[in-house]
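Student: Here it is, the structure, as structure tokens.
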Amino acid sequence: MDQLVRIAARSSRLFAWLGGFLLLGVAVLITFEVITRKFFGFSMSGADEISGYVLAIVTAWTFSYCVTSRSNIRIDVVYHVMPDRLRALADVIGLFVLAVFATFLALRGAQVLLVSIEYGSRSVTTLSTPLWIPQLGWASGLVFFAIVVWTYLLRCAALLLRRQTSEVGKLAGIGSVIPTRGDRSKR
């Protein structure tokens, strides 16, 4: 299971970097489009459509990086004063809720993709893009996100059952919280 967690973390980091490069490419495309429109009266139609597709795809593929880097948003009003076991339990419950939500997103994304394929849906723009193309990238990113969250959930649940609460915190806890109590499994 540790190997799966490492693979998920490495893959998520890779997809985050690729997403950053794609966003940089879109920024260059939009800059080019604005300059050519302003100074040469030439507009490259579709830059806004392409940027929307890239944003949706990059967002879906980088959701998992937020999980693996423990940078997802949480409310930690009482988290830092909770006992280690309760904190680890809260982390596992949080991962469970996120896993259910990620699964819902992945299933709905797959349904949208399948409907677009079935009906041969196209965008109503000058590019007339077959919608299954960007939706495939978007839906597969959502599926990857769900797989990563379930992987982390299963690993953290196993650690919690073995009372390795500090290990749960390392995988799923809030990064800014410094444990105040020792992990009883190591005593």
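Chain labels follow the order of the structure tokens: the first chain is A, the next B, and so on; residue numbering restarts at 1 in every chain, and ligands are counted from 1 in their shown order.
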Can you pull out every residue within 10 Å of Val67 of chain A, counting only C-alpha atoms, but drop anything in the same chain fewer than 2 positions away, and send it as a ChimeraX atom specification?

Tutor: /A:8-9,12,62-65,69-73,95,98,145,148-149,152,171-173

Student: For the interface of segment 118-169 of chain A with segment 99-114 of chain A (cut-off 6 Å, counting only C-alpha atoms), please tabulate each contacting residue of segment 118-169 of chain A alongside its nearest pair of atoms and their separation in Å to one decimal, rows sorted by chain and increasing number, as a tab-separated table.

Tutor:
residue	atom	partner	partner_atom	distance
A:Trp132	CA	A:Leu113	CA	5.8
A:Gln135	CA	A:Leu113	CA	5.7
A:Ala139	CA	A:Gly109	CA	4.8
A:Leu142	CA	A:Ala106	CA	4.8
A:Val143	CA	A:Ala106	CA	4.8
A:Ala146	CA	A:Ala102	CA	4.8
A:Val149	CA	A:Ala99	CA	5.4
A:Trp150	CA	A:Ala99	CA	5.7

Student: Near Ala88 of chain A, counting only C-alpha atoms, which residues have an atom at most 8 Å away, once you skip same-chain residues fewer than 6 positions from it, shown as a PDB file with N, CA and C atoms, in the first residue's frame?

Tutor:
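For reference, selection.pdb as written:
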ATOM      1  N   LEU A 160      -4.569   3.963  11.066  1.00  0.00           N
ATOM      2  CA  LEU A 160      -5.371   4.286  12.244  1.00  0.00           C
ATOM      3  C   LEU A 160      -5.708   3.025  13.032  1.00  0.00           C
ATOM      4  N   THR A 165      -0.940   7.007  14.654  1.00  0.00           N
ATOM      5  CA  THR A 165      -1.594   8.291  14.409  1.00  0.00           C
ATOM      6  C   THR A 165      -0.665   9.326  13.792  1.00  0.00           C
ATOM      7  N   SER A 166       0.604   9.303  14.130  1.00  0.00           N
ATOM      8  CA  SER A 166       1.508  10.290  13.526  1.00  0.00           C
ATOM      9  C   SER A 166       1.679  10.025  12.035  1.00  0.00           C
ATOM     10  N   VAL A 168      -0.666   8.786  10.096  1.00  0.00           N
ATOM     11  CA  VAL A 168      -1.890   9.311   9.490  1.00  0.00           C
ATOM     12  C   VAL A 168      -1.740  10.811   9.279  1.00  0.00           C
ATOM     13  N   GLY A 169      -1.212  11.493  10.295  1.00  0.00           N
ATOM     14  CA  GLY A 169      -0.997  12.931  10.195  1.00  0.00           C
ATOM     15  C   GLY A 169      -0.036  13.303   9.089  1.00  0.00           C
ATOM     16  N   GLY A 173      -2.914  14.732   7.469  1.00  0.00           N
ATOM     17  CA  GLY A 173      -3.155  15.802   8.426  1.00  0.00           C
ATOM     18  C   GLY A 173      -2.901  17.177   7.845  1.00  0.00           C
TER      19      GLY A 173
END

Student: Name the residues of segment 16-165 of chain A that come out as alpha helix (DSSP H) in a backbone DSSP run; write them as a PyMOL selection string.

Tutor: chain A and resi 16-40+47-68+84-119+132-161+165

Student: Which value, in Å to one decimal, gives the distance between atom CA of Ser121 of chain A and atom CA of Glu33 of chain A?

Tutor: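 We find that atom CA of Ser121 of chain A and atom CA of Glu33 of chain A lie 26.6 Å from each other.
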
Student: Any idea what's packed within 7 Å of segment 46-57 of chain A, counting only C-alpha atoms, ignoring anything in its chain fewer than 2 positions away? Could you give it as a list in words?

Tutor: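 Result of the neighbour search: Val26, Leu29, Ile30, Met44, Thr59, Ala60, Trp61, Thr126, Leu127, Pro134, Gly137, Trp138 and Gly141 of chain A.
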